[in-house]
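See below for the structure under consideration.
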Amino acid sequence: MSSHPVVRTPDGALRGTVEGPVSVFRGIPYAQPPTRSRRFAAPVPAGRWDGTRDAVEFGPPVSQFLPWQGPVQVSQDEGGVGTLTLNVWTPDRGAGRLPVLVWLHGGAYLVGTGADPGCDGSRLAAENGAVVVTLNYRLGAEGFARLEGAPDNRGLLDQIAALTWVQRNIAVFGGDPDQVTVFGGSAGANALAALLVMPAARELFQRAVLMSPAGSYLTSELAEVISAQLAADLGCKPVVDDFARMTSADVARADFELQARHGAYVQTWGRMALMPTIYSPVVDGESLPADPFTAIGAGAAVGVDLLCGYNRDEYRFFQLMAGPPAPGEDATAPGEAELDRVLDLSGPPGAAAAYRAANPRLDAGDLYELVMSDWIFRMPAVRLAEAQASSGGSAYLYELAHPIESAGRKTPHGAEAPLVFGAVGSQLDRMFYPQGFSLYEQELSAHVRQAITDFARSGRPGWPRLDTAQWTTRVWGEPGAAPAVDRALPVMSSHDIWAEVSFGALDLPAAGTDARRG
C-alpha cells in the first residue's frame, strides 16, 4: 500500500497519507474561501482543480479569538485553500458501503476547528469501521451575526455545503452516502437540531446524534439587538458593508469582549444573557423556518433516526471554566437570590419551591448548578427526543453519568467527546482526563463508540426506542453499575418541573415572551 494514497473525486484527485490502518485526507476544500465579496455570503462550492492536490495538512482555522493566543487572523487572499475545509479518515477506500460519521464541533459558536486533536477520527475509523469527516464552519459574527445584506445562519449554510460535498464525494473514500450520520456536541448539537428542520438540509443525512444540545435559538428581533450591540462596540452599523471594512481579527476580538460581559444585558437580551454564548441559530422564517422544538414536534424530522443525550452535571463545566475568584472578588457561590432570579426569568411558576422539595439536600449553589444544567442542556435534550418520539419518529435517549475527578466527581459538559472519539487529544480533554483513560474509561469508551457506530449502521444503538410511557434511557458510567445500563429517565423530577414550559426561540424581553410561552 502506498504511503500517499490517491483518490479521484468528481472535483479532482487528492493525495493523502496512510497512518496505521487508516487513510487520512486533510484540508479538502468544500467551498470557496469566504473572503472579500464571499466573506458574509452563502458558501459557494469549491469547484474543480487540475492535477493532484495534496491533502496531507489541515486547512487553516476560521476567524476566532482564542483567549490564550489572541485573534486568529484569516487571510483575505482570494487564492489558497481557504478556511472552509474538511478532513476524512477511512479504514478502507475500496469498501464502498461503510457508514459515514460527520462531526460538528462545539465551542459556543465562537471557537473550534475540525482539526482539533480531540476530534481525530482514527480510532472510530480503525476500530469501529466508519468513515469519519470533520469540518470547519464560520464562527462568531462571520457565521452567525444578523447583518443587513447578508443571509442569516451562514455557519449552518457552511455545514449544509459540507454535507452536500459528502453526498457527492464520500463513496470514493469507501463511505455510503445513504448511511450518513451527523453527530455533534454542544453548539455542534444545537446546530444539528437546526439542520434537522432546515429545508436545505433535507435528505443530506439519515441519522443524527445530538450530544448536549443547548436550548438556544433566537428570534430575528433578538438577533438584531445582539448584532447591533456588537456593531456599536466596533463603531459601525450592523450592515455587511460596514463589517466588511473590519478585519477578521477585530471582529473576533469584539466577539470575545462582548461574550465576556454579555451577562450584563438581561434587561435588553432577556434569557439569552444567561446563556453561555452570544450566538445561536436565528429562526428567520427562511433558512430556518421554525425552532427545532416546534418543528420536530410537528414531524419535520420524522424520517431521520435520532439519538440524543446529556451529561448528568452539565453546568459544572462552566463553573470550572470560571475558575477561582481573583483577589478581592466575591468568592461566594450563587445564592438563593440568584437561583430565584434565574427561575423567575426562565422557569415555570413555582419552580423554586419544586426544586427545593425534590432536592432537599442541595444548598443554593448546588441547586443553581442543577437548574442551569436543566434549563440550558438537560431538558432541551430530553424535550427534543420527546418531540421526535411523540411525532412518530425514531428517538433514543442517553445520560452520561461517569464521575470526573477533576470536576469534583461530577459529569460536566464536554466530558463525553473523548469517550466518543476514543482518545484524550485536546487541551479540554486533558482537563477531564489528565492521566489519559483508566482501564474502566477505556471500557466505557468502547461501549459508547460501539453504540454510536451501531446506530450509524442500523439506526439502533442497542437499547429500546424512546417510549414516553417507559422512558427507557441508556446510562453510561453510573457509579457502582456496569458501564452501560438502562434506567427509566433519571431526570424525571426535573422533567416534571419543566413539563408546562414550551421551549422555543428566545425573544426580546420587551416582546413579553418568556420560557412559559416559548
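Chain labels follow the order of the C-alpha cells: the first chain is A, the next B, and so on; residue numbering restarts at 1 in every chain, and ligands are counted from 1 in their shown order.
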message: Write out as a ChimeraX atom specification the set of residues from range 25-190 of chain A that DSSP, computed on the backbone, places in strand (DSSP E).
response: /A:25-29,52-54,64-66,70-72,85-90,98-104,131-135,175-185
- prompt: So which residues touch Gly129 in chain A within 7 Å, counting only C-alpha atoms, skipping near sequence neighbours fewer than 5 positions away, as number ranges by chain?
  reply: A: 91, 98, 124
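Restricting the calculation to only C-alpha atoms, the smallest distance between Ala46 in chain A and any of A:Trp165, A:Tyr265, A:Phe256, A:Phe318 is found for A:Trp165.
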Mind checking which residues fall within 8 Å of range 135-148 of chain A, counting only C-alpha atoms, ignoring those fewer than 2 positions away in the same chain, and posting them as a PDB file with N, CA and C atoms, in the first residue's frame?
```pdb
ATOM      1  N   ARG A  39     -17.233  36.903   2.000  1.00  0.00           N
ATOM      2  CA  ARG A  39     -16.976  36.809   3.444  1.00  0.00           C
ATOM      3  C   ARG A  39     -18.262  36.644   4.240  1.00  0.00           C
ATOM      4  N   PHE A  40     -19.307  37.359   3.887  1.00  0.00           N
ATOM      5  CA  PHE A  40     -20.578  37.274   4.615  1.00  0.00           C
ATOM      6  C   PHE A  40     -21.698  36.738   3.718  1.00  0.00           C
ATOM      7  N   PRO A  61      -7.714  27.399  10.404  1.00  0.00           N
ATOM      8  CA  PRO A  61      -8.980  27.585  11.124  1.00  0.00           C
ATOM      9  C   PRO A  61      -9.692  28.837  10.646  1.00  0.00           C
ATOM     10  N   VAL A  62     -11.003  28.878  10.888  1.00  0.00           N
ATOM     11  CA  VAL A  62     -11.754  30.091  10.573  1.00  0.00           C
ATOM     12  C   VAL A  62     -11.430  31.158  11.601  1.00  0.00           C
ATOM     13  N   SER A  63     -11.828  32.382  11.304  1.00  0.00           N
ATOM     14  CA  SER A  63     -11.587  33.505  12.205  1.00  0.00           C
ATOM     15  C   SER A  63     -12.207  33.246  13.572  1.00  0.00           C
ATOM     16  N   GLN A  64     -11.430  33.482  14.639  1.00  0.00           N
ATOM     17  CA  GLN A  64     -11.902  33.318  16.012  1.00  0.00           C
ATOM     18  C   GLN A  64     -10.885  33.959  16.942  1.00  0.00           C
ATOM     19  N   THR A  83     -10.512  28.579   4.388  1.00  0.00           N
ATOM     20  CA  THR A  83     -10.795  28.003   5.704  1.00  0.00           C
ATOM     21  C   THR A  83     -11.930  26.989   5.702  1.00  0.00           C
ATOM     22  N   LEU A  84     -12.754  26.972   4.662  1.00  0.00           N
ATOM     23  CA  LEU A  84     -13.905  26.065   4.643  1.00  0.00           C
ATOM     24  C   LEU A  84     -13.458  24.718   4.069  1.00  0.00           C
ATOM     25  N   THR A  85     -12.827  23.944   4.934  1.00  0.00           N
ATOM     26  CA  THR A  85     -12.268  22.658   4.544  1.00  0.00           C
ATOM     27  C   THR A  85     -12.801  21.560   5.445  1.00  0.00           C
ATOM     28  N   LEU A  86     -12.599  20.327   4.988  1.00  0.00           N
ATOM     29  CA  LEU A  86     -12.978  19.169   5.794  1.00  0.00           C
ATOM     30  C   LEU A  86     -11.879  18.122   5.708  1.00  0.00           C
ATOM     31  N   ASN A  87     -11.999  17.109   6.557  1.00  0.00           N
ATOM     32  CA  ASN A  87     -10.983  16.065   6.690  1.00  0.00           C
ATOM     33  C   ASN A  87     -11.677  14.715   6.728  1.00  0.00           C
ATOM     34  N   TRP A 103     -18.753  14.975  11.892  1.00  0.00           N
ATOM     35  CA  TRP A 103     -18.683  15.640  13.192  1.00  0.00           C
ATOM     36  C   TRP A 103     -18.825  17.152  13.056  1.00  0.00           C
ATOM     37  N   LEU A 104     -19.731  17.726  13.878  1.00  0.00           N
ATOM     38  CA  LEU A 104     -19.867  19.175  14.012  1.00  0.00           C
ATOM     39  C   LEU A 104     -19.329  19.565  15.384  1.00  0.00           C
ATOM     40  N   HIS A 105     -18.220  20.294  15.409  1.00  0.00           N
ATOM     41  CA  HIS A 105     -17.596  20.635  16.679  1.00  0.00           C
ATOM     42  C   HIS A 105     -18.411  21.677  17.433  1.00  0.00           C
ATOM     43  N   TYR A 109     -20.201  28.546  19.302  1.00  0.00           N
ATOM     44  CA  TYR A 109     -20.247  29.289  18.033  1.00  0.00           C
ATOM     45  C   TYR A 109     -19.174  30.377  17.968  1.00  0.00           C
ATOM     46  N   LEU A 110     -18.157  30.244  18.816  1.00  0.00           N
ATOM     47  CA  LEU A 110     -17.106  31.247  18.873  1.00  0.00           C
ATOM     48  C   LEU A 110     -15.726  30.684  18.583  1.00  0.00           C
ATOM     49  N   VAL A 111     -15.471  29.453  18.968  1.00  0.00           N
ATOM     50  CA  VAL A 111     -14.160  28.833  18.771  1.00  0.00           C
ATOM     51  C   VAL A 111     -14.353  27.404  18.281  1.00  0.00           C
ATOM     52  N   GLY A 112     -13.290  26.850  17.721  1.00  0.00           N
ATOM     53  CA  GLY A 112     -13.321  25.447  17.317  1.00  0.00           C
ATOM     54  C   GLY A 112     -12.817  25.238  15.906  1.00  0.00           C
ATOM     55  N   THR A 113     -12.481  23.992  15.623  1.00  0.00           N
ATOM     56  CA  THR A 113     -11.964  23.614  14.314  1.00  0.00           C
ATOM     57  C   THR A 113     -12.103  22.113  14.128  1.00  0.00           C
ATOM     58  N   GLY A 114     -12.250  21.690  12.897  1.00  0.00           N
ATOM     59  CA  GLY A 114     -12.268  20.268  12.581  1.00  0.00           C
ATOM     60  C   GLY A 114     -10.913  19.618  12.672  1.00  0.00           C
ATOM     61  N   ALA A 115      -9.877  20.417  12.948  1.00  0.00           N
ATOM     62  CA  ALA A 115      -8.521  19.891  13.095  1.00  0.00           C
ATOM     63  C   ALA A 115      -8.136  19.667  14.548  1.00  0.00           C
ATOM     64  N   VAL A 133     -15.685  12.198   9.097  1.00  0.00           N
ATOM     65  CA  VAL A 133     -15.465  13.501   8.476  1.00  0.00           C
ATOM     66  C   VAL A 133     -15.563  14.573   9.552  1.00  0.00           C
ATOM     67  N   ALA A 150     -26.829  40.347   4.379  1.00  0.00           N
ATOM     68  CA  ALA A 150     -26.224  39.014   4.428  1.00  0.00           C
ATOM     69  C   ALA A 150     -27.280  37.984   4.797  1.00  0.00           C
ATOM     70  N   PRO A 151     -27.146  36.759   4.293  1.00  0.00           N
ATOM     71  CA  PRO A 151     -28.076  35.712   4.722  1.00  0.00           C
ATOM     72  C   PRO A 151     -27.831  35.347   6.184  1.00  0.00           C
ATOM     73  N   ASP A 152     -28.882  34.986   6.884  1.00  0.00           N
ATOM     74  CA  ASP A 152     -28.737  34.509   8.258  1.00  0.00           C
ATOM     75  C   ASP A 152     -28.119  33.115   8.266  1.00  0.00           C
ATOM     76  N   ASN A 153     -27.594  32.744   9.428  1.00  0.00           N
ATOM     77  CA  ASN A 153     -27.146  31.364   9.676  1.00  0.00           C
ATOM     78  C   ASN A 153     -26.085  30.892   8.683  1.00  0.00           C
ATOM     79  N   ARG A 154     -25.120  31.764   8.410  1.00  0.00           N
ATOM     80  CA  ARG A 154     -24.090  31.413   7.431  1.00  0.00           C
ATOM     81  C   ARG A 154     -23.273  30.196   7.880  1.00  0.00           C
ATOM     82  N   GLY A 155     -23.037  30.071   9.188  1.00  0.00           N
ATOM     83  CA  GLY A 155     -22.322  28.897   9.685  1.00  0.00           C
ATOM     84  C   GLY A 155     -23.085  27.618   9.417  1.00  0.00           C
ATOM     85  N   LEU A 156     -24.413  27.656   9.544  1.00  0.00           N
ATOM     86  CA  LEU A 156     -25.227  26.482   9.218  1.00  0.00           C
ATOM     87  C   LEU A 156     -25.216  26.208   7.720  1.00  0.00           C
ATOM     88  N   ASP A 158     -22.755  26.764   5.812  1.00  0.00           N
ATOM     89  CA  ASP A 158     -21.472  26.086   5.586  1.00  0.00           C
ATOM     90  C   ASP A 158     -21.597  24.593   5.869  1.00  0.00           C
ATOM     91  N   GLN A 159     -22.234  24.251   6.982  1.00  0.00           N
ATOM     92  CA  GLN A 159     -22.404  22.834   7.330  1.00  0.00           C
ATOM     93  C   GLN A 159     -23.203  22.101   6.253  1.00  0.00           C
ATOM     94  N   ALA A 162     -20.963  21.428   3.358  1.00  0.00           N
ATOM     95  CA  ALA A 162     -20.079  20.289   3.626  1.00  0.00           C
ATOM     96  C   ALA A 162     -20.827  18.965   3.477  1.00  0.00           C
ATOM     97  N   SER A 220     -35.569  36.697  15.112  1.00  0.00           N
ATOM     98  CA  SER A 220     -34.841  37.685  14.315  1.00  0.00           C
ATOM     99  C   SER A 220     -34.647  38.978  15.097  1.00  0.00           C
ATOM    100  N   ALA A 223     -31.826  38.576  17.647  1.00  0.00           N
ATOM    101  CA  ALA A 223     -30.548  38.520  16.931  1.00  0.00           C
ATOM    102  C   ALA A 223     -30.125  39.908  16.459  1.00  0.00           C
ATOM    103  N   GLU A 224     -31.085  40.734  16.041  1.00  0.00           N
ATOM    104  CA  GLU A 224     -30.766  42.096  15.604  1.00  0.00           C
ATOM    105  C   GLU A 224     -30.216  42.935  16.752  1.00  0.00           C
ATOM    106  N   ILE A 226     -28.628  41.864  19.464  1.00  0.00           N
ATOM    107  CA  ILE A 226     -27.284  41.398  19.804  1.00  0.00           C
ATOM    108  C   ILE A 226     -26.267  41.896  18.780  1.00  0.00           C
ATOM    109  N   SER A 227     -26.603  41.790  17.500  1.00  0.00           N
ATOM    110  CA  SER A 227     -25.682  42.235  16.459  1.00  0.00           C
ATOM    111  C   SER A 227     -25.502  43.748  16.477  1.00  0.00           C
ATOM    112  N   PRO A 238     -24.767  47.450  11.941  1.00  0.00           N
ATOM    113  CA  PRO A 238     -24.842  46.016  11.636  1.00  0.00           C
ATOM    114  C   PRO A 238     -25.253  45.752  10.192  1.00  0.00           C
ATOM    115  N   VAL A 239     -24.431  46.214   9.277  1.00  0.00           N
ATOM    116  CA  VAL A 239     -24.676  46.018   7.856  1.00  0.00           C
ATOM    117  C   VAL A 239     -23.406  45.432   7.235  1.00  0.00           C
ATOM    118  N   VAL A 240     -23.567  44.699   6.151  1.00  0.00           N
ATOM    119  CA  VAL A 240     -22.446  43.987   5.545  1.00  0.00           C
ATOM    120  C   VAL A 240     -21.322  44.932   5.141  1.00  0.00           C
ATOM    121  N   VAL A 251     -13.067  41.847  14.405  1.00  0.00           N
ATOM    122  CA  VAL A 251     -14.407  41.315  14.651  1.00  0.00           C
ATOM    123  C   VAL A 251     -14.348  40.193  15.678  1.00  0.00           C
ATOM    124  N   ALA A 252     -13.378  39.313  15.561  1.00  0.00           N
ATOM    125  CA  ALA A 252     -13.257  38.206  16.512  1.00  0.00           C
ATOM    126  C   ALA A 252     -12.965  38.717  17.912  1.00  0.00           C
ATOM    127  N   ASP A 255     -16.179  40.033  19.326  1.00  0.00           N
ATOM    128  CA  ASP A 255     -16.996  38.890  19.761  1.00  0.00           C
ATOM    129  C   ASP A 255     -16.590  38.453  21.169  1.00  0.00           C
ATOM    130  N   TYR A 279     -24.196  33.848  20.486  1.00  0.00           N
ATOM    131  CA  TYR A 279     -24.736  33.479  19.177  1.00  0.00           C
ATOM    132  C   TYR A 279     -25.486  32.160  19.249  1.00  0.00           C
ATOM    133  N   SER A 280     -26.466  32.045  18.389  1.00  0.00           N
ATOM    134  CA  SER A 280     -27.216  30.808  18.198  1.00  0.00           C
ATOM    135  C   SER A 280     -27.932  30.925  16.856  1.00  0.00           C
ATOM    136  N   PRO A 281     -28.428  29.812  16.311  1.00  0.00           N
ATOM    137  CA  PRO A 281     -29.166  29.898  15.049  1.00  0.00           C
ATOM    138  C   PRO A 281     -30.371  30.838  15.150  1.00  0.00           C
ATOM    139  N   VAL A 282     -30.614  31.555  14.066  1.00  0.00           N
ATOM    140  CA  VAL A 282     -31.698  32.536  14.010  1.00  0.00           C
ATOM    141  C   VAL A 282     -32.891  31.918  13.289  1.00  0.00           C
TER     142      VAL A 282
END
```
message: I need the residue nearest Leu101 in chain A from this list: A:Leu157, A:Val182, A:Leu163, A:Leu66. Use only C-alpha atoms for the distance.
response: A:Val182
query: Could you pull the residues within 12 Å of Pro418 in chain A, counting only C-alpha atoms, minus those fewer than 5 positions along the same chain, as a ChimeraX atom specification?
result: /A:116-121,123-124,185,413,423-434,436-437,441-442,444-446,448-449
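Distance annotation: of A:Met372, A:Ser212, A:Pro199, A:Ala322, the residue with the minimal separation from Met275 in chain A is A:Met372; atom set is only C-alpha atoms.
Closest approach to Asn311 in chain A among A:Glu127, A:Asp340, A:Asp374, A:Asp178: A:Asp374, based on only C-alpha atoms.
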task: Considering only C-alpha atoms, return as an NGL selection string whatever protein or nucleic-acid residues lie within 12 Å of Tyr440 in chain A, sequence-local ones (same chain, fewer than 4 positions apart) excluded.
output: :A and (402-403 or 419 or 436 or 444-447 or 476-484)
Using the selection just defined, write its residues with N, CA and C atoms as an mmCIF file, in the first residue's frame.
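Listed below is the output, result12.cif:
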```
data_model
loop_
_atom_site.group_PDB
_atom_site.id
_atom_site.type_symbol
_atom_site.label_atom_id
_atom_site.label_comp_id
_atom_site.auth_asym_id
_atom_site.auth_seq_id
_atom_site.Cartn_x
_atom_site.Cartn_y
_atom_site.Cartn_z
ATOM 1 N N HIS A 402 -20.660 9.323 34.232
ATOM 2 C CA HIS A 402 -19.334 8.958 34.720
ATOM 3 C C HIS A 402 -18.720 10.103 35.523
ATOM 4 N N PRO A 403 -18.368 9.894 36.793
ATOM 5 C CA PRO A 403 -17.798 10.979 37.599
ATOM 6 C C PRO A 403 -16.368 11.314 37.179
ATOM 7 N N LEU A 419 -14.727 10.201 25.038
ATOM 8 C CA LEU A 419 -15.216 8.821 25.040
ATOM 9 C C LEU A 419 -15.732 8.438 23.657
ATOM 10 N N GLY A 436 -4.957 10.507 30.965
ATOM 11 C CA GLY A 436 -5.477 9.616 29.928
ATOM 12 C C GLY A 436 -6.604 8.774 30.498
ATOM 13 N N LEU A 444 -15.505 1.972 29.018
ATOM 14 C CA LEU A 444 -16.661 2.851 28.828
ATOM 15 C C LEU A 444 -16.649 3.457 27.428
ATOM 16 N N SER A 445 -15.486 3.923 26.981
ATOM 17 C CA SER A 445 -15.367 4.475 25.639
ATOM 18 C C SER A 445 -15.752 3.447 24.585
ATOM 19 N N ALA A 446 -15.335 2.204 24.777
ATOM 20 C CA ALA A 446 -15.683 1.155 23.808
ATOM 21 C C ALA A 446 -17.196 0.979 23.718
ATOM 22 N N HIS A 447 -17.893 1.036 24.857
ATOM 23 C CA HIS A 447 -19.360 0.929 24.855
ATOM 24 C C HIS A 447 -19.984 2.098 24.099
ATOM 25 N N TRP A 476 -24.636 5.669 30.800
ATOM 26 C CA TRP A 476 -23.243 5.252 30.693
ATOM 27 C C TRP A 476 -22.457 5.767 31.899
ATOM 28 N N GLY A 477 -21.699 4.861 32.523
ATOM 29 C CA GLY A 477 -20.759 5.279 33.550
ATOM 30 C C GLY A 477 -21.351 5.559 34.909
ATOM 31 N N GLU A 478 -22.525 5.027 35.205
ATOM 32 C CA GLU A 478 -23.131 5.258 36.517
ATOM 33 C C GLU A 478 -22.278 4.622 37.612
ATOM 34 N N PRO A 479 -21.903 5.368 38.644
ATOM 35 C CA PRO A 479 -21.066 4.797 39.705
ATOM 36 C C PRO A 479 -21.710 3.560 40.327
ATOM 37 N N GLY A 480 -20.913 2.511 40.500
ATOM 38 C CA GLY A 480 -21.396 1.289 41.120
ATOM 39 C C GLY A 480 -22.173 0.378 40.210
ATOM 40 N N ALA A 481 -22.269 0.731 38.925
ATOM 41 C CA ALA A 481 -23.027 -0.088 37.975
ATOM 42 C C ALA A 481 -22.115 -0.484 36.825
ATOM 43 N N ALA A 482 -22.636 -1.355 35.957
ATOM 44 C CA ALA A 482 -21.903 -1.715 34.739
ATOM 45 C C ALA A 482 -21.710 -0.459 33.880
ATOM 46 N N PRO A 483 -20.738 -0.471 32.940
ATOM 47 C CA PRO A 483 -20.517 0.719 32.120
ATOM 48 C C PRO A 483 -21.755 1.189 31.362
ATOM 49 N N ALA A 484 -22.652 0.274 31.022
ATOM 50 C CA ALA A 484 -23.861 0.647 30.289
ATOM 51 C C ALA A 484 -25.052 -0.077 30.904
#
```
Within 10 Å of Gly82 in chain A using only C-alpha atoms, minus same-chain residues under 6 positions, as a VMD selection string: chain A and resid 27 to 35 46 59 to 62 74 to 76
- request: Please identify all polymer residues within 12 Å of Gly20 in chain A, counting only C-alpha atoms, omitting same-chain residues fewer than 4 positions from it, and present them as a PyMOL selection string.
  value: chain A and resi 1-3+24+89-92+122-123+125-127
- request: Kindly give the distance, in Å, that separates CA of Arg474 in chain A and CA of Arg487 in chain A, rounded to a single decimal.
  value: 6.4 Å
task: Would you return as a list in words the members of range 100-159 of chain A that DSSP assigns to alpha helix (DSSP H) on this structure's backbone?
output: Ser122, Arg123, Leu124, Ala125, Ala126, Glu127, Asn128, Gly140, Ala141, Glu142, Gly143, Phe144, Arg154, Gly155, Leu156, Leu157, Asp158 and Gln159 of chain A
Atoms to include: all heavy atoms. Write the selected residues as a CSV table (one decimal), in the first residue's frame.
```
chain,number,residue,atom,x,y,z
A,122,SER,N,-9.3,8.7,13.9
A,122,SER,CA,-8.5,7.5,13.6
A,122,SER,C,-9.1,6.3,14.3
A,122,SER,O,-9.3,5.2,13.7
A,122,SER,CB,-7.1,7.7,14.1
A,122,SER,OG,-6.4,8.7,13.4
A,123,ARG,N,-9.5,6.4,15.6
A,123,ARG,CA,-10.0,5.2,16.3
A,123,ARG,C,-11.3,4.8,15.8
A,123,ARG,O,-11.6,3.6,15.7
A,123,ARG,CB,-9.9,5.5,17.8
A,123,ARG,CG,-10.0,4.2,18.6
A,123,ARG,CD,-9.6,4.4,20.0
A,123,ARG,NE,-9.5,3.1,20.7
A,123,ARG,CZ,-9.1,3.0,22.0
A,123,ARG,NH1,-8.9,4.1,22.7
A,123,ARG,NH2,-9.1,1.8,22.5
A,124,LEU,N,-12.2,5.7,15.6
A,124,LEU,CA,-13.6,5.4,15.1
A,124,LEU,C,-13.5,4.7,13.8
A,124,LEU,O,-14.2,3.8,13.5
A,124,LEU,CB,-14.4,6.6,15.0
A,124,LEU,CG,-15.1,7.1,16.3
A,124,LEU,CD1,-15.7,8.5,16.0
A,124,LEU,CD2,-16.2,6.2,16.7
A,125,ALA,N,-12.5,5.1,12.9
A,125,ALA,CA,-12.3,4.5,11.6
A,125,ALA,C,-11.7,3.1,11.7
A,125,ALA,O,-12.2,2.2,11.2
A,125,ALA,CB,-11.5,5.4,10.7
A,126,ALA,N,-10.6,3.0,12.5
A,126,ALA,CA,-9.8,1.8,12.6
A,126,ALA,C,-10.5,0.7,13.3
A,126,ALA,O,-10.6,-0.4,12.9
A,126,ALA,CB,-8.5,2.1,13.2
A,127,GLU,N,-11.1,1.0,14.5
A,127,GLU,CA,-11.7,0.0,15.3
A,127,GLU,C,-13.2,-0.2,15.1
A,127,GLU,O,-13.7,-1.2,15.4
A,127,GLU,CB,-11.4,0.3,16.8
A,127,GLU,CG,-9.9,0.3,17.1
A,127,GLU,CD,-9.7,0.5,18.6
A,127,GLU,OE1,-10.6,0.4,19.4
A,127,GLU,OE2,-8.5,0.8,19.0
A,128,ASN,N,-13.9,0.8,14.7
A,128,ASN,CA,-15.3,0.8,14.5
A,128,ASN,C,-15.8,0.8,13.1
A,128,ASN,O,-17.0,0.7,12.8
A,128,ASN,CB,-16.0,1.9,15.3
A,128,ASN,CG,-15.7,1.8,16.8
A,128,ASN,OD1,-14.8,2.4,17.3
A,128,ASN,ND2,-16.5,1.0,17.5
A,140,GLY,N,-18.7,32.9,15.2
A,140,GLY,CA,-18.8,34.3,15.6
A,140,GLY,C,-19.7,35.1,14.6
A,140,GLY,O,-20.6,34.6,14.0
A,141,ALA,N,-19.3,36.4,14.6
A,141,ALA,CA,-20.1,37.3,13.7
A,141,ALA,C,-20.0,36.9,12.3
A,141,ALA,O,-21.0,37.1,11.5
A,141,ALA,CB,-19.6,38.8,13.9
A,142,GLU,N,-18.9,36.4,11.9
A,142,GLU,CA,-18.7,36.0,10.5
A,142,GLU,C,-19.7,34.9,10.1
A,142,GLU,O,-20.2,34.9,8.9
A,142,GLU,CB,-17.3,35.4,10.2
A,142,GLU,CG,-16.2,36.3,10.7
A,142,GLU,CD,-15.6,37.2,9.7
A,142,GLU,OE1,-15.9,37.0,8.5
A,142,GLU,OE2,-15.0,38.2,10.1
A,143,GLY,N,-20.1,34.0,11.0
A,143,GLY,CA,-21.0,33.0,10.7
A,143,GLY,C,-22.4,33.2,11.2
A,143,GLY,O,-23.4,32.5,10.7
A,144,PHE,N,-22.6,34.0,12.3
A,144,PHE,CA,-23.9,34.0,12.9
A,144,PHE,C,-24.5,35.4,13.3
A,144,PHE,O,-25.7,35.4,13.7
A,144,PHE,CB,-23.8,33.1,14.2
A,144,PHE,CG,-23.7,31.7,13.9
A,144,PHE,CD1,-22.4,31.1,13.8
A,144,PHE,CD2,-24.7,30.9,13.6
A,144,PHE,CE1,-22.2,29.8,13.5
A,144,PHE,CE2,-24.6,29.5,13.3
A,144,PHE,CZ,-23.3,29.0,13.2
A,154,ARG,N,-25.1,31.8,8.4
A,154,ARG,CA,-24.1,31.4,7.4
A,154,ARG,C,-23.3,30.2,7.9
A,154,ARG,O,-22.8,29.4,7.0
A,154,ARG,CB,-23.2,32.6,7.2
A,154,ARG,CG,-23.9,33.8,6.6
A,154,ARG,CD,-23.1,35.0,6.5
A,154,ARG,NE,-22.7,35.6,7.8
A,154,ARG,CZ,-23.5,36.3,8.6
A,154,ARG,NH1,-24.7,36.6,8.2
A,154,ARG,NH2,-23.0,36.8,9.8
A,155,GLY,N,-23.0,30.1,9.2
A,155,GLY,CA,-22.3,28.9,9.7
A,155,GLY,C,-23.1,27.6,9.4
A,155,GLY,O,-22.5,26.6,9.1
A,156,LEU,N,-24.4,27.7,9.5
A,156,LEU,CA,-25.2,26.5,9.2
A,156,LEU,C,-25.2,26.2,7.7
A,156,LEU,O,-25.2,25.0,7.3
A,156,LEU,CB,-26.7,26.7,9.7
A,156,LEU,CG,-26.9,26.9,11.2
A,156,LEU,CD1,-28.4,26.9,11.5
A,156,LEU,CD2,-26.2,25.9,12.1
A,157,LEU,N,-25.2,27.3,6.9
A,157,LEU,CA,-25.2,27.1,5.5
A,157,LEU,C,-23.8,26.4,5.1
A,157,LEU,O,-23.8,25.6,4.1
A,157,LEU,CB,-25.3,28.4,4.8
A,157,LEU,CG,-26.7,29.1,5.0
A,157,LEU,CD1,-26.7,30.4,4.2
A,157,LEU,CD2,-27.9,28.2,4.6
A,158,ASP,N,-22.8,26.8,5.8
A,158,ASP,CA,-21.5,26.1,5.6
A,158,ASP,C,-21.6,24.6,5.9
A,158,ASP,O,-21.1,23.8,5.1
A,158,ASP,CB,-20.4,26.7,6.5
A,158,ASP,CG,-20.0,28.1,6.1
A,158,ASP,OD1,-20.4,28.6,5.0
A,158,ASP,OD2,-19.4,28.8,7.0
A,159,GLN,N,-22.2,24.3,7.0
A,159,GLN,CA,-22.4,22.8,7.3
A,159,GLN,C,-23.2,22.1,6.3
A,159,GLN,O,-22.9,21.0,5.9
A,159,GLN,CB,-23.1,22.7,8.7
A,159,GLN,CG,-22.3,23.3,9.8
A,159,GLN,CD,-23.1,23.4,11.1
A,159,GLN,OE1,-24.2,23.0,11.2
A,159,GLN,NE2,-22.5,24.0,12.1
```
